[in-house]
Amino acid sequence: MKELIKKLTEAWGPSGCEHKVRGLIAEEVRGLADEVRTDPLGNLICRKGSGGAKVMIAAHMDEIGLMVSHVDEKGFMRFVPIGGLRSVALYGNRVYFENGVVGTISAEGEGWRTTPDREKFYIDVSTGAEAGPGVGVGDAAAFWREMVERGNRIVAKALDDRIGCVVGIEAMRKLAKTDHEIYFVFTVQEEVGLRGARPAAFGVEPDIGISLDVTSTGDTPKDDKMTVELGKGAAIKVRDGGHIVPPAIKNLMVKRAEEAGIPYQLEVLPGGTTDAAGIQLSRAGIPSGCISIPTRYLHTVSETVDIGDVQACVDLLVEILSKPIEL
Amino acid sequence: MILQELSDAFGVSGNEEEVRQIVLRHSKEHVDEVKIDTIGNVLATKKGTGAAGLRVMVTAHMDEVGFMVVDHDSNGLLGFRSIGIHPMVTPGSRLVVGPKKLPGVVGIEPIHMAWGASGYADIKKTDSLRVDIGADSKSSAQGKAPLGAYMTFDTKFTELSEKIVRGKAFDDRVGCAVLIDLLAGDPFPFDLLAAFTVQEEVGLRGATVAAFALEPDVAFALEGTICNDLPQEPGEDQTPVTRLGAGPAISVMDRSMIADRRLVNHLVETAKAHDIPYQIKAPGAGGTDAGAIHQSRAGIPSAVVSTPCRYIHGPAAIMNLDDFNNVIRLMREALKALTPAVLER
């Protein structure tokens, strides 16, 4: 599983440019699904089983990044965010473009003492040679960092939400047989507003939706009040900034976790949301829940998860999908 | 010139009837079916040769930014709210007011009175502004411009040179003019589903229902877009969102959508193949009907092609007719070459 985490987190895929990640996942799920297709917006839809309750599982392939908006006379490039960029995490960071060009981020003037507005930051892609680096306005970039292991912890960029993709894929692997008609959907453009999951849900028309996504933790020094902790198991979402989970779904998840002895914790997230919020409002309404992977330092290049939590999420999803789903 | 007729027409969001009639008059004879849907969009189908098995939607919005009367003072002045216009650009503007198209002006103190702390720089809300239509009492004002009456800038289309034109509402009457031109030409390899939409400026409302009804495989929005190729503050060195005269602007990303990469590539390749100038619109600002369309049903791959217009959402915009004509050329060639193969992954 760690190998897959490395492969997916190190892949390049800012929102709207998920093709490389989609390619890797398509390869990974070959033989695990009864049918695989790509929908009009680029969501990868993998069906397993047929005839029973239609369940849509969603994990998003895209990651935050940025797009070049202006290039000045010296070649320094300004950018706009793709998804929720944290200005404080930009200094000295490296991004890379689809063609492999690496850029360094810095900011105007004496900005190092405080965090200036995003507009003050620029990307340096200078080569020292006359010829430019071959990137320009409209080109997207993703942050660059290798995945590392530190005991049970995994530190990587884009764990949001490649780790959700990993949970989905591993569950497909483990789920030998199912009475349900399960659609594992690897979605696009979550970070810019759930733009992949909503149309995907319209197309799949499921009876129930479950998203697999990261959530914050409250276990670091002077962190915001939040009870989720790294290493304490799968987080079962109760609510977030865009989604109140129907109690029946939350209770079903808790029941399955307790029956199987899977470590779990309840998640009440003050802000932010997941694909499940988009699925919930599709068509005439689709009851939806979310299994969250506790993650520190979200939207930085050093997002951190605990491998035990990841395993618990896989186990919980398999438990839910291999038993009756009655709400 | 159809563009002139469209620009001069009165059609603030929710009140597009005058524009609708112009659109119908100029497109009826070129299309096989046309209808007005429940929200007021004009939906027209131009049958194609059938060579490409696609349903292709092309949209332009009929509405323009403007104002609405919300209040009448005892002295006959009108309180108003703006629809897509910053209050800063309104003082002193001549307006056309209400269904009778009465002349009016957005009142402001003369310069003699405007020194000091509360000067002109303070205009952040329409609350402190009034429209003067020469009424001398509340009842007279109510009679001439009832609550809810629409108002727009009183600006006539003018040719400043052979290439440069000035007018109001280029956003998005220029898109309407391009779309009418596309309908008037030869059939495309597929049925062209033209949607002249309402209420874009208040939240892509017409396009939302049009896309659901038409259920296309792919969509293009035609726009008049931001063009800020203007002097900058000393020390600033940033390229503009678009440049006047530099050709059709192809969107990659704005607030409402990340454009479909395959369609962006198709547009760029088409422009190169036919020697049509083009520019990539700097990502970030603005939103278009495509933002709603690409989210319709199970998702619709979409792209946006715009004509750069300086000073949009203000009393008078400036446009280059070369850009306008090149948008028509680019769209015609790109549509002619659009096949299911373009959408293969």
# chains A, B, ... in the order shown; residues from 1 in each chain; ligands from 1
>>> residues_around(residues="Gly242 in chain A", least_positions_apart="5", cutoff="8 Å", atoms="only C-alpha atoms", output="NGL selection string")
:A and (271-274 or 277)
>>> interface_residues(of="chain B", to="chain A", cutoff="12 Å", atoms="only C-alpha atoms", output="PyMOL selection string")
chain B and resi 212+216-219+235-242+249-265+279-285+291-302+340+343-345
>>> atom_distance(atom1="CA of Met62 in chain B", atom2="CA of Cys176 in chain B")
6.8 Å
>>> atom_distance(atom1="CA of Asp8 in chain B", atom2="CA of Phe157 in chain B")
6.2 Å
>>> residues_around(residues="Val167 in chain A", least_positions_apart="2", cutoff="8 Å", atoms="only C-alpha atoms", output="list in words")
Ile163, Gly164, Cys165, Ile169, Glu170, Ala171, Leu212, Val310, Gln311, Cys313 and Val314 of chain A
>>> write_last_selection(atoms="N, CA and C atoms", output="PDB file, in the first residue's frame")
ATOM      1  N   ILE A 163      -4.718   9.939  -0.851  1.00  0.00           N
ATOM      2  CA  ILE A 163      -4.851   8.891   0.172  1.00  0.00           C
ATOM      3  C   ILE A 163      -6.278   8.327   0.150  1.00  0.00           C
ATOM      4  N   GLY A 164      -7.246   9.190  -0.196  1.00  0.00           N
ATOM      5  CA  GLY A 164      -8.623   8.718  -0.385  1.00  0.00           C
ATOM      6  C   GLY A 164      -8.701   7.771  -1.572  1.00  0.00           C
ATOM      7  N   CYS A 165      -7.970   8.113  -2.638  1.00  0.00           N
ATOM      8  CA  CYS A 165      -7.924   7.235  -3.809  1.00  0.00           C
ATOM      9  C   CYS A 165      -7.327   5.878  -3.427  1.00  0.00           C
ATOM     10  N   ILE A 169      -9.025   2.218  -3.804  1.00  0.00           N
ATOM     11  CA  ILE A 169      -8.404   1.144  -4.589  1.00  0.00           C
ATOM     12  C   ILE A 169      -8.166  -0.104  -3.718  1.00  0.00           C
ATOM     13  N   GLU A 170      -7.646   0.122  -2.511  1.00  0.00           N
ATOM     14  CA  GLU A 170      -7.374  -1.013  -1.617  1.00  0.00           C
ATOM     15  C   GLU A 170      -8.665  -1.724  -1.225  1.00  0.00           C
ATOM     16  N   ALA A 171      -9.743  -0.936  -1.064  1.00  0.00           N
ATOM     17  CA  ALA A 171     -11.036  -1.548  -0.747  1.00  0.00           C
ATOM     18  C   ALA A 171     -11.524  -2.391  -1.919  1.00  0.00           C
ATOM     19  N   LEU A 212     -14.451   9.614   0.336  1.00  0.00           N
ATOM     20  CA  LEU A 212     -13.235   9.259   1.068  1.00  0.00           C
ATOM     21  C   LEU A 212     -12.322  10.461   0.945  1.00  0.00           C
ATOM     22  N   VAL A 310      -5.098   4.812   7.884  1.00  0.00           N
ATOM     23  CA  VAL A 310      -5.433   4.525   6.483  1.00  0.00           C
ATOM     24  C   VAL A 310      -5.994   3.110   6.387  1.00  0.00           C
ATOM     25  N   GLN A 311      -5.309   2.175   7.068  1.00  0.00           N
ATOM     26  CA  GLN A 311      -5.766   0.784   7.047  1.00  0.00           C
ATOM     27  C   GLN A 311      -7.168   0.674   7.663  1.00  0.00           C
ATOM     28  N   CYS A 313      -9.482   2.890   7.636  1.00  0.00           N
ATOM     29  CA  CYS A 313     -10.456   3.417   6.660  1.00  0.00           C
ATOM     30  C   CYS A 313     -10.775   2.371   5.599  1.00  0.00           C
ATOM     31  N   VAL A 314      -9.736   1.679   5.138  1.00  0.00           N
ATOM     32  CA  VAL A 314      -9.950   0.617   4.145  1.00  0.00           C
ATOM     33  C   VAL A 314     -10.853  -0.467   4.749  1.00  0.00           C
TER      34      VAL A 314
END
>>> select_by_dssp(residues="range 79-197 of chain B", states="strand (DSSP E)", output="VMD selection string")
chain B and resid 79 to 83 94 to 97 102 to 107 130 to 132 150 to 153 158 to 159 164 to 167 191 to 197
>>> residues_around(residues="range 32-36 of chain A", least_positions_apart="5", cutoff="9 Å", atoms="only C-alpha atoms", output="PyMOL selection string")
chain A and resi 26+44-50+169+172-173+184
>>> write_last_selection(atoms="N, CA and C atoms", output="compact mmCIF listing (two decimals), in the first residue's frame")
# COMPACT_ATOMS: atom_id res chain seq x y z
N ALA A 26 -6.29 4.02 -13.36
CA ALA A 26 -6.90 3.10 -14.33
C ALA A 26 -6.08 1.82 -14.42
N LEU A 44 -13.16 9.16 -13.30
CA LEU A 44 -12.97 7.75 -13.62
C LEU A 44 -13.98 6.94 -12.82
N ILE A 45 -14.86 6.24 -13.52
CA ILE A 45 -15.96 5.54 -12.87
C ILE A 45 -15.77 4.03 -13.01
N CYS A 46 -15.62 3.35 -11.86
CA CYS A 46 -15.33 1.92 -11.86
C CYS A 46 -16.46 1.18 -11.16
N ARG A 47 -17.15 0.37 -11.91
CA ARG A 47 -18.28 -0.37 -11.32
C ARG A 47 -17.84 -1.76 -10.87
N LYS A 48 -18.34 -2.15 -9.71
CA LYS A 48 -18.08 -3.50 -9.19
C LYS A 48 -19.42 -4.05 -8.70
N GLY A 49 -19.80 -5.19 -9.21
CA GLY A 49 -21.09 -5.78 -8.84
C GLY A 49 -22.22 -5.16 -9.64
N SER A 50 -23.39 -5.82 -9.59
CA SER A 50 -24.53 -5.23 -10.28
C SER A 50 -25.82 -5.72 -9.67
N ILE A 169 -9.02 2.22 -3.80
CA ILE A 169 -8.40 1.14 -4.59
C ILE A 169 -8.17 -0.10 -3.72
N MET A 172 -11.31 -1.90 -3.13
CA MET A 172 -11.69 -2.68 -4.32
C MET A 172 -10.94 -4.00 -4.34
N ARG A 173 -9.67 -3.94 -3.96
CA ARG A 173 -8.83 -5.13 -3.95
C ARG A 173 -9.33 -6.16 -2.93
N PHE A 184 -17.02 3.00 -7.76
CA PHE A 184 -15.87 3.72 -7.21
C PHE A 184 -15.56 4.85 -8.19
>>> residues_around(residues="Gly65 in chain A", least_positions_apart="4", cutoff="6 Å", atoms="only C-alpha atoms", output="PyMOL selection string")
chain A and resi 14+82+141-142
>>> write_last_selection(atoms="N, CA and C atoms", output="PDB file, in the first residue's frame")
ATOM      1  N   PRO A  14      -2.870  18.939 -10.674  1.00  0.00           N
ATOM      2  CA  PRO A  14      -3.732  20.009 -10.159  1.00  0.00           C
ATOM      3  C   PRO A  14      -5.131  19.940 -10.792  1.00  0.00           C
ATOM      4  N   ILE A  82      -5.062  27.485  -7.641  1.00  0.00           N
ATOM      5  CA  ILE A  82      -6.018  26.435  -8.013  1.00  0.00           C
ATOM      6  C   ILE A  82      -6.348  25.754  -6.692  1.00  0.00           C
ATOM      7  N   ALA A 141       0.635  24.422 -12.468  1.00  0.00           N
ATOM      8  CA  ALA A 141       1.755  23.797 -11.769  1.00  0.00           C
ATOM      9  C   ALA A 141       1.254  23.163 -10.478  1.00  0.00           C
ATOM     10  N   ALA A 142       1.958  22.120 -10.060  1.00  0.00           N
ATOM     11  CA  ALA A 142       1.656  21.463  -8.787  1.00  0.00           C
ATOM     12  C   ALA A 142       2.879  21.594  -7.889  1.00  0.00           C
TER      13      ALA A 142
END
>>> residues_around(residues="Ala107 in chain A", least_positions_apart="6", cutoff="12 Å", atoms="only C-alpha atoms", output="VMD selection string")
chain A and resid 76 to 79 87 to 93 113 to 124
>>> closest_residue(among="B:Lys336, B:His313, B:Lys46, B:Arg166", to="Glu201 in chain B", atoms="only C-alpha atoms")
B:His313
>>> atom_distance(atom1="CA of Leu244 in chain B", atom2="CA of Pro308 in chain B")
5.8 Å
>>> residues_around(residues="range 150-156 of chain A", least_positions_apart="6", cutoff="12 Å", atoms="only C-alpha atoms", output="CSV table (one decimal) with C-alpha atoms, in the first residue's frame")
chain,number,residue,atom,x,y,z
A,1,MET,CA,0.0,0.0,0.0
A,2,LYS,CA,2.9,2.4,0.8
A,3,GLU,CA,4.2,1.9,-2.7
A,5,ILE,CA,0.7,6.0,-1.8
A,6,LYS,CA,4.1,7.0,-3.1
A,7,LYS,CA,3.1,6.5,-6.7
A,8,LEU,CA,-0.1,8.5,-6.4
A,9,THR,CA,1.1,11.4,-4.1
A,10,GLU,CA,4.1,12.1,-6.3
A,11,ALA,CA,2.0,12.2,-9.5
A,143,PHE,CA,3.8,21.5,-5.7
A,144,TRP,CA,6.7,19.1,-5.6
A,162,ARG,CA,-4.6,10.7,-3.2
A,163,ILE,CA,-4.9,8.9,0.2
A,230,LEU,CA,-3.6,11.0,14.2
A,231,GLY,CA,-3.4,7.3,15.0
A,294,PRO,CA,-7.1,12.2,9.7
A,295,THR,CA,-4.3,14.4,8.2
A,296,ARG,CA,-2.0,17.1,9.7
A,297,TYR,CA,-0.8,20.2,7.8
A,298,LEU,CA,-3.4,20.1,5.0
A,299,HIS,CA,-2.7,22.0,1.8
A,300,THR,CA,1.0,22.0,2.5
A,301,VAL,CA,3.7,19.8,0.9
A,302,SER,CA,4.1,17.9,4.2
A,303,GLU,CA,0.6,16.6,4.8
A,304,THR,CA,0.9,13.8,7.3
A,305,VAL,CA,-1.2,10.7,7.9
A,306,ASP,CA,-0.8,7.5,10.1
A,307,ILE,CA,-0.7,4.3,8.1
A,308,GLY,CA,-2.8,2.6,10.8
A,309,ASP,CA,-5.6,5.1,10.2
A,310,VAL,CA,-5.4,4.5,6.5
A,311,GLN,CA,-5.8,0.8,7.0
>>> select_by_dssp(residues="range 3-157 of chain A", states="helix (DSSP H, G or I)", output="list in words")
Glu3, Leu4, Ile5, Lys6, Lys7, Leu8, Thr9, His19, Lys20, Val21, Arg22, Gly23, Leu24, Ile25, Ala26, Glu27, Glu28, Val29, Ser87, Val88, Ala89, Gly111, Trp112, Arg113, Arg118, Glu119 and Lys120 of chain A
>>> closest_residue(among="B:Leu129, B:Met1, B:Ile36, B:Ile312", to="Met88 in chain B", atoms="only C-alpha atoms")
B:Leu129
>>> closest_residue(among="B:Phe67, B:Phe10, B:Phe188, B:Tyr311", to="Arg173 in chain B", atoms="only C-alpha atoms")
B:Phe10
>>> closest_residue(among="A:Lys174, A:Tyr96, A:Ile210, A:Val245", to="Asp315 in chain A", atoms="only C-alpha atoms")
A:Lys174
